[in-house]
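S.K.: Contents are compact mmCIF, C-alpha atoms; file name upload-v3.txt:
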# COMPACT_ATOMS: atom_id res chain seq x y z
CA MET A 65 0.00 0.00 0.00
CA ASP A 66 3.03 2.26 -0.32
CA TRP A 67 1.75 3.95 -3.47
CA LEU A 68 -1.52 5.07 -1.84
CA GLY A 69 0.14 8.25 -0.53
CA LEU A 70 0.42 9.48 -4.10
CA TYR A 71 -3.31 9.68 -4.80
CA ASN A 72 -3.39 13.50 -4.65
CA TYR A 73 -1.11 13.63 -7.70
CA TRP A 74 -3.38 11.25 -9.60
CA VAL A 75 -6.45 13.40 -8.96
CA VAL A 76 -4.44 16.33 -10.29
CA VAL A 77 -3.37 14.37 -13.37
CA ILE A 78 -6.96 13.31 -14.15
CA LEU A 79 -8.27 16.88 -13.86
CA MET A 80 -5.35 18.20 -15.88
CA MET A 81 -5.97 15.70 -18.67
CA ALA A 82 -9.69 16.57 -18.76
CA GLY A 83 -8.77 20.22 -19.24
CA PHE A 84 -6.11 19.34 -21.80
CA TYR A 85 -8.61 17.24 -23.77
CA ILE A 86 -11.09 20.12 -23.88
CA VAL A 87 -8.41 22.50 -25.11
CA ILE A 88 -7.17 20.31 -27.95
CA ALA A 89 -10.33 18.43 -29.02
CA GLN A 90 -13.21 20.90 -28.71
CA GLY A 91 -13.80 23.47 -31.42
CA ASN A 92 -15.76 25.99 -29.37
CA LEU A 93 -13.62 28.90 -28.20
CA VAL A 94 -15.48 29.56 -24.92
CA LYS A 95 -15.19 25.90 -24.05
CA LYS A 96 -11.47 25.98 -24.75
CA ILE A 97 -11.13 28.74 -22.16
CA VAL A 98 -13.16 26.69 -19.66
CA GLY A 99 -10.75 23.82 -20.33
CA LEU A 100 -7.82 26.13 -19.68
CA ASN A 101 -9.46 27.03 -16.34
CA ILE A 102 -9.80 23.37 -15.34
CA PHE A 103 -6.15 22.82 -16.24
CA GLN A 104 -5.16 25.81 -14.10
CA THR A 105 -7.20 24.66 -11.12
CA SER A 106 -5.54 21.26 -11.27
CA VAL A 107 -2.15 22.98 -10.99
CA PHE A 108 -3.46 24.97 -8.00
CA ILE A 109 -4.56 21.76 -6.28
CA PHE A 110 -1.13 20.26 -7.01
CA PHE A 111 0.70 23.14 -5.30
CA ILE A 112 -1.65 23.31 -2.31
CA SER A 113 -1.40 19.57 -1.74
CA LEU A 114 2.40 19.89 -1.80
CA ALA A 115 2.13 22.50 0.96
CA LYS A 116 0.08 20.23 3.24
CA LEU A 117 1.95 18.86 6.23
CA ASP A 118 0.75 15.93 8.31
CA GLY A 119 -0.31 17.29 11.71
CA GLY A 120 0.25 20.85 10.57
CA SER A 121 -2.34 23.57 10.91
CA ALA A 122 -3.29 26.48 8.66
CA PRO A 123 -0.43 29.01 8.51
CA VAL A 124 -1.89 31.53 10.94
CA TYR A 125 0.07 31.94 14.16
CA VAL A 126 -1.63 30.53 17.22
CA GLU A 127 -0.01 30.29 20.64
CA GLY A 128 1.21 26.77 21.29
CA ILE A 129 1.13 25.38 17.76
CA THR A 130 4.50 24.83 16.12
CA GLU A 131 3.60 22.81 13.01
CA TYR A 132 2.14 24.75 10.13
CA SER A 133 1.57 23.98 6.47
CA ASN A 134 4.05 25.63 4.14
CA PRO A 135 2.81 29.19 3.41
CA LEU A 136 4.96 29.75 0.31
CA PRO A 137 2.87 27.66 -2.14
CA HIS A 138 -0.24 29.37 -0.78
CA VAL A 139 1.21 32.75 -1.72
CA LEU A 140 2.24 31.56 -5.17
CA ILE A 141 -1.24 30.17 -5.82
CA LEU A 142 -2.92 33.35 -4.62
CA THR A 143 -0.92 35.16 -7.26
CA ALA A 144 -1.64 32.47 -9.85
CA ILE A 145 -5.42 32.58 -9.28
CA VAL A 146 -5.55 36.31 -9.89
CA VAL A 147 -3.27 36.09 -12.92
CA GLY A 148 -5.45 33.24 -14.20
CA VAL A 149 -8.55 35.40 -14.04
CA ALA A 150 -6.74 38.20 -15.88
CA LEU A 151 -5.86 35.62 -18.53
CA THR A 152 -9.49 34.43 -18.71
CA ALA A 153 -10.68 38.00 -19.17
CA MET A 154 -8.17 38.53 -21.96
CA GLY A 155 -9.14 35.29 -23.71
CA LEU A 156 -12.86 36.01 -23.46
CA ALA A 157 -12.29 39.50 -24.85
CA LEU A 158 -10.57 37.91 -27.85
CA VAL A 159 -13.54 35.54 -28.24
CA VAL A 160 -15.95 38.48 -28.29
CA ARG A 161 -13.79 40.19 -30.92
CA VAL A 162 -13.64 37.02 -33.05
CA HIS A 163 -17.42 36.74 -32.83
CA GLU A 164 -17.71 40.35 -34.00
CA LEU A 165 -15.55 39.66 -37.05
CA TYR A 166 -16.73 36.17 -38.05
CA GLY A 167 -20.17 35.84 -36.47
CA SER A 168 -19.13 32.50 -35.00
CA ILE A 169 -17.11 31.06 -32.12
CA GLU A 170 -16.63 27.63 -33.69
CA GLU A 171 -13.07 27.00 -34.80
CA ASP A 172 -13.87 25.11 -38.04
CA GLU A 173 -16.42 27.68 -39.23
CA ILE A 174 -13.81 30.38 -38.75
CA HIS A 175 -11.29 28.34 -40.74
CA GLU A 176 -13.87 27.86 -43.52
CA GLN A 177 -14.48 31.60 -43.77
CA ASP A 178 -10.75 32.21 -43.91
CA GLY A 179 -10.37 29.67 -46.69
CA SER A 180 -13.13 31.17 -48.86
CA ASP A 181 -11.68 34.68 -48.75
CA MET B 165 -17.69 17.31 -12.85
CA ALA B 166 -14.89 18.00 -15.27
CA ILE B 167 -16.11 15.19 -17.51
CA ALA B 168 -19.61 16.67 -17.55
CA ILE B 169 -18.05 19.92 -18.70
CA VAL B 170 -16.38 18.03 -21.54
CA ARG B 171 -19.66 16.45 -22.66
CA ILE B 172 -22.28 19.18 -22.24
CA ARG B 173 -22.95 21.29 -25.33
CA ASN B 174 -24.98 24.10 -23.77
CA LEU B 175 -22.42 26.73 -22.86
CA PHE B 176 -24.64 28.24 -20.16
CA ALA B 177 -24.68 24.91 -18.31
CA VAL B 178 -20.94 24.63 -18.82
CA THR B 179 -20.46 28.02 -17.20
CA MET B 180 -22.58 27.08 -14.21
CA LEU B 181 -20.71 23.79 -13.80
CA THR B 182 -17.44 25.71 -13.91
CA GLY B 183 -18.70 27.83 -11.03
CA ILE B 184 -19.60 24.75 -8.97
CA TYR B 185 -16.22 23.25 -9.83
CA SER B 186 -14.44 26.38 -8.57
CA LEU B 187 -16.45 26.27 -5.36
CA LEU B 188 -15.56 22.59 -4.85
CA ALA B 189 -11.90 23.44 -5.42
CA ALA B 190 -12.23 26.20 -2.81
CA SER B 191 -13.65 23.80 -0.21
CA LEU B 192 -10.82 21.39 -1.02
CA PHE B 193 -8.34 24.18 -0.29
CA VAL B 194 -9.97 24.71 3.13
CA LEU B 195 -9.46 21.02 3.87
CA LEU B 196 -5.83 21.34 2.79
CA ASP B 197 -5.16 24.12 5.36
CA ALA B 198 -5.16 26.98 2.88
CA PRO B 199 -7.99 29.33 3.94
CA ASP B 200 -6.53 32.36 2.15
CA VAL B 201 -6.34 30.52 -1.14
CA ALA B 202 -9.86 29.18 -0.65
CA LEU B 203 -11.23 32.69 -0.12
CA THR B 204 -9.54 33.95 -3.26
CA GLU B 205 -10.66 30.99 -5.33
CA ALA B 206 -14.26 31.35 -4.17
CA ALA B 207 -14.36 35.09 -4.80
CA VAL B 208 -12.32 35.25 -7.98
CA GLY B 209 -12.68 31.81 -9.58
CA ALA B 210 -16.34 31.23 -8.76
CA GLY B 211 -17.36 34.88 -8.87
CA ILE B 212 -15.56 37.12 -11.32
CA ALA B 213 -14.64 34.42 -13.85
CA ILE B 214 -18.27 33.30 -14.09
CA ILE B 215 -19.48 36.86 -14.54
CA LEU B 216 -16.94 37.33 -17.34
CA MET B 217 -18.09 34.13 -19.02
CA LEU B 218 -21.76 35.05 -18.76
CA GLY B 219 -20.93 38.43 -20.29
CA THR B 220 -19.18 36.70 -23.17
CA LEU B 221 -22.13 34.36 -23.72
CA ALA B 222 -24.48 37.34 -23.75
CA LEU B 223 -22.35 38.96 -26.44
CA THR B 224 -21.93 35.83 -28.54
CA THR B 225 -24.00 32.65 -28.42
CA SER B 226 -24.80 30.08 -25.78
CA GLU B 227 -25.13 26.91 -27.85
CA GLU B 228 -22.20 24.90 -29.10
CA LYS B 229 -22.72 23.31 -32.51
CA VAL B 230 -22.48 19.55 -32.72
CA HIS B 231 -20.21 18.03 -35.30
CA LYS B 232 -18.26 14.83 -35.63
CA LYS B 233 -14.59 15.47 -35.89
CA PRO B 234 -12.02 12.94 -36.98
CA GLN B 235 -9.24 14.27 -34.74
CA ASN B 236 -11.15 13.40 -31.54
CA LEU B 237 -9.60 9.94 -31.31
CA LEU B 238 -6.14 11.32 -31.92
CA ALA B 239 -6.70 13.89 -29.18
CA LEU B 240 -7.84 11.16 -26.79
CA VAL B 241 -4.71 9.12 -27.52
CA VAL B 242 -2.46 12.15 -26.96
CA VAL B 243 -4.23 12.90 -23.67
CA PHE B 244 -3.88 9.33 -22.43
CA ILE B 245 -0.19 9.15 -23.33
CA THR B 246 0.49 12.46 -21.57
CA GLY B 247 -1.51 11.36 -18.53
CA ALA B 248 0.32 8.05 -18.31
CA GLY B 249 3.64 9.88 -18.52
CA LEU B 250 2.64 12.25 -15.73
CA ILE B 251 1.45 9.39 -13.50
CA TYR B 252 4.73 7.58 -14.12
CA GLY B 253 6.45 10.81 -13.06
CA THR B 254 4.53 10.92 -9.76
CA LEU B 255 5.89 7.55 -8.63
CA ASP B 256 9.05 9.24 -7.36
CA MET B 257 7.23 12.12 -5.65
CA PRO B 258 7.13 12.52 -1.86
CA HIS B 259 3.96 11.21 -0.25
CA PHE B 260 1.02 13.43 0.66
CA GLY B 261 1.68 15.30 3.92
CA ASP B 262 5.20 13.87 4.28
CA PRO B 263 7.19 16.18 6.64
CA GLU B 264 10.46 15.06 4.98
CA ALA B 265 9.37 16.36 1.56
CA PRO B 266 11.76 18.88 -0.03
CA ALA B 267 8.95 21.47 -0.10
CA HIS B 268 9.04 21.60 3.71
CA GLN B 269 12.82 21.85 4.07
CA HIS B 270 14.28 25.05 2.68
CA VAL B 271 12.50 28.35 3.42
CA SER B 272 9.37 26.93 5.01
CA PRO B 273 10.76 26.64 8.60
CA ARG B 274 11.98 30.24 8.44
CA TYR B 275 8.53 31.43 7.34
CA THR B 276 6.58 29.38 9.85
CA GLN B 277 8.86 29.84 12.87
CA GLU B 278 10.30 33.35 12.57
CA SER B 279 8.00 35.44 10.39
CA VAL B 280 5.78 36.38 13.34
CA ASP B 281 8.80 37.89 15.14
CA GLU B 282 10.30 39.41 12.00
CA ILE B 283 7.19 40.92 10.39
CA GLY B 284 4.71 41.02 13.26
CA ILE B 285 1.71 39.65 11.36
CA PRO B 286 0.17 36.43 12.69
CA ASN B 287 -0.97 35.33 9.22
CA MET B 288 2.13 33.90 7.55
CA VAL B 289 0.60 33.97 4.08
CA THR B 290 0.21 37.72 4.41
CA SER B 291 3.78 38.25 5.62
CA VAL B 292 5.20 36.19 2.78
CA LEU B 293 2.95 37.87 0.22
CA ALA B 294 3.59 41.43 1.31
CA SER B 295 7.15 41.25 2.58
CA TYR B 296 9.36 38.30 1.61
CA ARG B 297 7.83 37.92 -1.87
CA ALA B 298 6.54 41.44 -2.42
CA LEU B 299 8.24 41.59 -5.81
CA ASP B 300 5.99 38.73 -7.03
CA THR B 301 2.97 40.67 -5.91
CA LEU B 302 4.20 43.71 -7.83
CA GLY B 303 4.59 41.49 -10.89
CA GLU B 304 1.04 40.23 -10.40
CA ALA B 305 -0.24 43.80 -10.34
CA VAL B 306 1.65 44.48 -13.57
CA VAL B 307 0.10 41.41 -15.21
CA ILE B 308 -3.40 42.55 -14.22
CA PHE B 309 -2.68 46.02 -15.58
CA VAL B 310 -1.42 44.63 -18.89
CA ALA B 311 -4.46 42.33 -19.16
CA MET B 312 -6.76 45.26 -18.49
CA VAL B 313 -5.06 47.36 -21.17
CA GLY B 314 -5.29 44.40 -23.55
CA VAL B 315 -9.01 43.90 -22.93
CA ILE B 316 -9.67 47.60 -23.47
CA MET B 317 -7.68 47.54 -26.71
CA VAL B 318 -9.45 44.43 -28.00
CA ILE B 319 -13.06 45.24 -27.09
CA GLY B 320 -13.04 49.03 -26.56
CA GLY B 321 -11.50 49.52 -30.00
CA GLY B 322 -14.39 47.49 -31.42
CA VAL B 323 -16.95 49.86 -29.94
CA LYS B 324 -15.21 52.86 -31.48
CA ARG B 325 -14.99 51.09 -34.85
CA ARG B 326 -18.73 50.37 -34.82
CA TRP B 327 -19.34 54.06 -34.28
CA ARG B 328 -17.05 54.92 -37.18
CA ASP B 329 -18.72 52.39 -39.49
CA ARG B 330 -22.07 53.93 -38.75
CA GLY B 331 -20.70 57.15 -40.19
CA ARG B 332 -20.64 60.78 -39.15
CA VAL B 333 -23.82 62.80 -38.74
CA LEU B 334 -24.02 65.36 -41.55
CA PRO B 335 -25.45 68.90 -41.07
CA ASP B 336 -28.79 67.88 -42.60
CA GLY B 337 -29.23 65.17 -39.95
CA LYS B 338 -28.38 62.21 -42.20
CA ARG B 339 -25.33 59.98 -41.86
CA ASP B 340 -22.66 59.93 -44.57
CA LYS B 341 -22.65 56.12 -44.60
CA PRO B 342 -25.63 53.76 -44.57
Spit out the file's structure as structure tokens when you get a sec.
M.R.:
Amino acid sequence: MDWLGLYNYWVVVILMMAGFYIVIAQGNLVKKIVGLNIFQTSVFIFFISLAKLDGGSAPVYVEGITEYSNPLPHVLILTAIVVGVALTAMGLALVVRVHELYGSIEEDEIHEQDGSD
Amino acid sequence: MAIAIVRIRNLFAVTMLTGIYSLLAASLFVLLDAPDVALTEAAVGAGIAIILMLGTLALTTSEEKVHKKPQNLLALVVVFITGAGLIYGTLDMPHFGDPEAPAHQHVSPRYTQESVDEIGIPNMVTSVLASYRALDTLGEAVVIFVAMVGVIMVIGGGVKRRWRDRGRVLPDGKRDKP
């Protein structure tokens, strides 16, 4: 049962692959961005689960507790979440612009219109 | 949840599921001793991101078109190979919650044991964010600024262009373009 301690990484890998599949296999641009979000969240879960310490408590100082989870990954992920939302906003803005130009957010329809020009 | 998002074609439902997914991730972060991250994820991931997506759907369309694509199988194969490679890579990783893991060795003891004396804030995440790693936070602010400028350039420019295409109003009250 030695390998059972690795299950957190496997959850992360499954989520990551679901997001990856959406990004490469789906033609809809909004859905691609949703896939990117799932991928991102899986990375967040990966970092936060690395920070977890057996017997540790949340990294807020309390008298008498000496074991805390590692605060550094928490900080990095705080930054990453906000940056991720900025990225989502940027991507969705591009989708809106593409819809303005082509009247569609399906990848293959956009390619068709490009080909007929 | 993620698999439902892959399958469902109605983009409105997809957006709602994404919100629930973010909320679940936030509760997972609480369980993993990261309350600050959970707060941010719940507010930003489940709140702002969903509002942005709903805005996009309002401006575009909320149904995804169904079509059979030949590259789906290829994509599935690529995903499985990548996933298998990643799982193989995890076999050498330290176990969940292991105090001997490298992540808990280097700067972590300094942050958890001395930051309260050095910075004077009981919340270690705050002291690391605002003091030890303040440069990262500055970079984050720069990224948000650049993204904001980008969004304004991409969408705001479109609004102006629509006005221009509609044409100027001539002295007799008509427009010079149809």
S.K.: Counting only C-alpha atoms, which residues sit no farther than 12 Å from the position (-20.7, 40.7, -22.7) in the file's frame? I'd like them as a ChimeraX atom specification.
M.R.: /A:153,156-161,163-164 /B:214-226,319-320
S.K.: One decimal, Å: what's the distance from atom CA of Leu140 of chain A over to atom CA of Leu302 of chain B, could you say?
M.R.: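 For atom CA of Leu140 of chain A relative to atom CA of Leu302 of chain B, the distance reads 12.6 Å.
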S.K.: Using all atoms listed in the file, list the residues that have an atom at most 10 Å from (-6.1, 33.3, -7.6), coordinates as in the file, as a PyMOL selection string.
M.R.: (chain A and resi 104-105+108+138-150) or (chain B and resi 200-209)
S.K.: Compile a residue-level contact table for chain B against chain A at a cut-off of 7 Å, reporting for every qualifying residue the shortest atom pair and its distance in Å to one decimal, with only C-alpha atoms counted, rows ordered by chain and ascending number, as a tab-separated table.
M.R.:
residue	atom	partner	partner_atom	distance
B:Ala166	CA	A:Ala82	CA	6.4
B:Ile167	CA	A:Ala82	CA	6.7
B:Val170	CA	A:Ile86	CA	6.2
B:Leu196	CA	A:Lys116	CA	6.0
B:Asp197	CA	A:Ala122	CA	4.5
B:Ala198	CA	A:Ala122	CA	6.1
B:Val201	CA	A:Leu142	CA	5.6
B:Thr204	CA	A:Leu142	CA	6.8
B:Glu205	CA	A:Ile145	CA	6.8
B:Ala213	CA	A:Val149	CA	6.2
B:Leu216	CA	A:Ala153	CA	6.6
B:Thr220	CA	A:Val160	CA	6.3
B:Leu223	CA	A:Val160	CA	6.7
B:Thr224	CA	A:His163	CA	6.3
B:Glu228	CA	A:Asn92	CA	6.5
B:Asn236	CA	A:Ala89	CA	5.7
B:Ala239	CA	A:Ala89	CA	5.8
B:Leu240	CA	A:Tyr85	CA	6.8
B:Val243	CA	A:Met81	CA	6.0
B:Gly247	CA	A:Met81	CA	6.2
B:Leu250	CA	A:Val77	CA	6.8
B:Ile251	CA	A:Trp74	CA	6.5
B:Thr254	CA	A:Tyr73	CA	6.6
B:His259	CA	A:Gly69	CA	4.8
B:Phe260	CA	A:Gly69	CA	5.4
B:Gly261	CA	A:Leu117	CA	4.3
B:Asp262	CA	A:Leu117	CA	6.3
B:Pro263	CA	A:Leu117	CA	5.9
B:Ala267	CA	A:Leu114	CA	6.9
B:His268	CA	A:Asn134	CA	6.4
B:Ser272	CA	A:Asn134	CA	5.5
B:Thr276	CA	A:Tyr132	CA	6.4
B:Pro286	CA	A:Tyr125	CA	4.7
B:Asn287	CA	A:Val124	CA	4.3
B:Met288	CA	A:Pro123	CA	5.6
B:Val289	CA	A:Pro135	CA	5.3
B:Val292	CA	A:Leu136	CA	6.9
B:Leu293	CA	A:Val139	CA	5.7
B:Thr301	CA	A:Thr143	CA	6.9
B:Glu304	CA	A:Thr143	CA	6.3
B:Val307	CA	A:Val147	CA	6.7
B:Ile308	CA	A:Ala150	CA	5.7
B:Ala311	CA	A:Ala150	CA	5.7
B:Gly314	CA	A:Met154	CA	6.7
B:Val315	CA	A:Met154	CA	5.5
B:Val318	CA	A:Ala157	CA	6.5
B:Ile319	CA	A:Ala157	CA	6.2
S.K.: For the residues in the current selection, export C-alpha atoms as a PDB file, keeping the file's coordinate frame.
M.R.:
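Result went into result11.pdb, see below:
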ATOM      1  CA  ALA B 166     -14.890  18.000 -15.270  1.00  0.00           C
ATOM      2  CA  ILE B 167     -16.110  15.190 -17.510  1.00  0.00           C
ATOM      3  CA  VAL B 170     -16.380  18.030 -21.540  1.00  0.00           C
ATOM      4  CA  LEU B 196      -5.830  21.340   2.790  1.00  0.00           C
ATOM      5  CA  ASP B 197      -5.160  24.120   5.360  1.00  0.00           C
ATOM      6  CA  ALA B 198      -5.160  26.980   2.880  1.00  0.00           C
ATOM      7  CA  VAL B 201      -6.340  30.520  -1.140  1.00  0.00           C
ATOM      8  CA  THR B 204      -9.540  33.950  -3.260  1.00  0.00           C
ATOM      9  CA  GLU B 205     -10.660  30.990  -5.330  1.00  0.00           C
ATOM     10  CA  ALA B 213     -14.640  34.420 -13.850  1.00  0.00           C
ATOM     11  CA  LEU B 216     -16.940  37.330 -17.340  1.00  0.00           C
ATOM     12  CA  THR B 220     -19.180  36.700 -23.170  1.00  0.00           C
ATOM     13  CA  LEU B 223     -22.350  38.960 -26.440  1.00  0.00           C
ATOM     14  CA  THR B 224     -21.930  35.830 -28.540  1.00  0.00           C
ATOM     15  CA  GLU B 228     -22.200  24.900 -29.100  1.00  0.00           C
ATOM     16  CA  ASN B 236     -11.150  13.400 -31.540  1.00  0.00           C
ATOM     17  CA  ALA B 239      -6.700  13.890 -29.180  1.00  0.00           C
ATOM     18  CA  LEU B 240      -7.840  11.160 -26.790  1.00  0.00           C
ATOM     19  CA  VAL B 243      -4.230  12.900 -23.670  1.00  0.00           C
ATOM     20  CA  GLY B 247      -1.510  11.360 -18.530  1.00  0.00           C
ATOM     21  CA  LEU B 250       2.640  12.250 -15.730  1.00  0.00           C
ATOM     22  CA  ILE B 251       1.450   9.390 -13.500  1.00  0.00           C
ATOM     23  CA  THR B 254       4.530  10.920  -9.760  1.00  0.00           C
ATOM     24  CA  HIS B 259       3.960  11.210  -0.250  1.00  0.00           C
ATOM     25  CA  PHE B 260       1.020  13.430   0.660  1.00  0.00           C
ATOM     26  CA  GLY B 261       1.680  15.300   3.920  1.00  0.00           C
ATOM     27  CA  ASP B 262       5.200  13.870   4.280  1.00  0.00           C
ATOM     28  CA  PRO B 263       7.190  16.180   6.640  1.00  0.00           C
ATOM     29  CA  ALA B 267       8.950  21.470  -0.100  1.00  0.00           C
ATOM     30  CA  HIS B 268       9.040  21.600   3.710  1.00  0.00           C
ATOM     31  CA  SER B 272       9.370  26.930   5.010  1.00  0.00           C
ATOM     32  CA  THR B 276       6.580  29.380   9.850  1.00  0.00           C
ATOM     33  CA  PRO B 286       0.170  36.430  12.690  1.00  0.00           C
ATOM     34  CA  ASN B 287      -0.970  35.330   9.220  1.00  0.00           C
ATOM     35  CA  MET B 288       2.130  33.900   7.550  1.00  0.00           C
ATOM     36  CA  VAL B 289       0.600  33.970   4.080  1.00  0.00           C
ATOM     37  CA  VAL B 292       5.200  36.190   2.780  1.00  0.00           C
ATOM     38  CA  LEU B 293       2.950  37.870   0.220  1.00  0.00           C
ATOM     39  CA  THR B 301       2.970  40.670  -5.910  1.00  0.00           C
ATOM     40  CA  GLU B 304       1.040  40.230 -10.400  1.00  0.00           C
ATOM     41  CA  VAL B 307       0.100  41.410 -15.210  1.00  0.00           C
ATOM     42  CA  ILE B 308      -3.400  42.550 -14.220  1.00  0.00           C
ATOM     43  CA  ALA B 311      -4.460  42.330 -19.160  1.00  0.00           C
ATOM     44  CA  GLY B 314      -5.290  44.400 -23.550  1.00  0.00           C
ATOM     45  CA  VAL B 315      -9.010  43.900 -22.930  1.00  0.00           C
ATOM     46  CA  VAL B 318      -9.450  44.430 -28.000  1.00  0.00           C
ATOM     47  CA  ILE B 319     -13.060  45.240 -27.090  1.00  0.00           C
TER      48      ILE B 319
END
S.K.: Mind giving me the straight-line distance from atom CA of Phe110 of chain A to atom CA of Leu192 of chain B in Å, one decimal?
M.R.: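 For atom CA of Phe110 of chain A relative to atom CA of Leu192 of chain B, the distance reads 11.4 Å.
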S.K.: Go through B:Gly211, B:Val194, B:Thr182, B:Arg297 one by one, measure the shortest atom-to-atom distance of each to Tyr275 of chain B using only C-alpha atoms, and give the residue with the smallest value.
M.R.: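 So, comparing all the options, the nearest one is B:Arg297.
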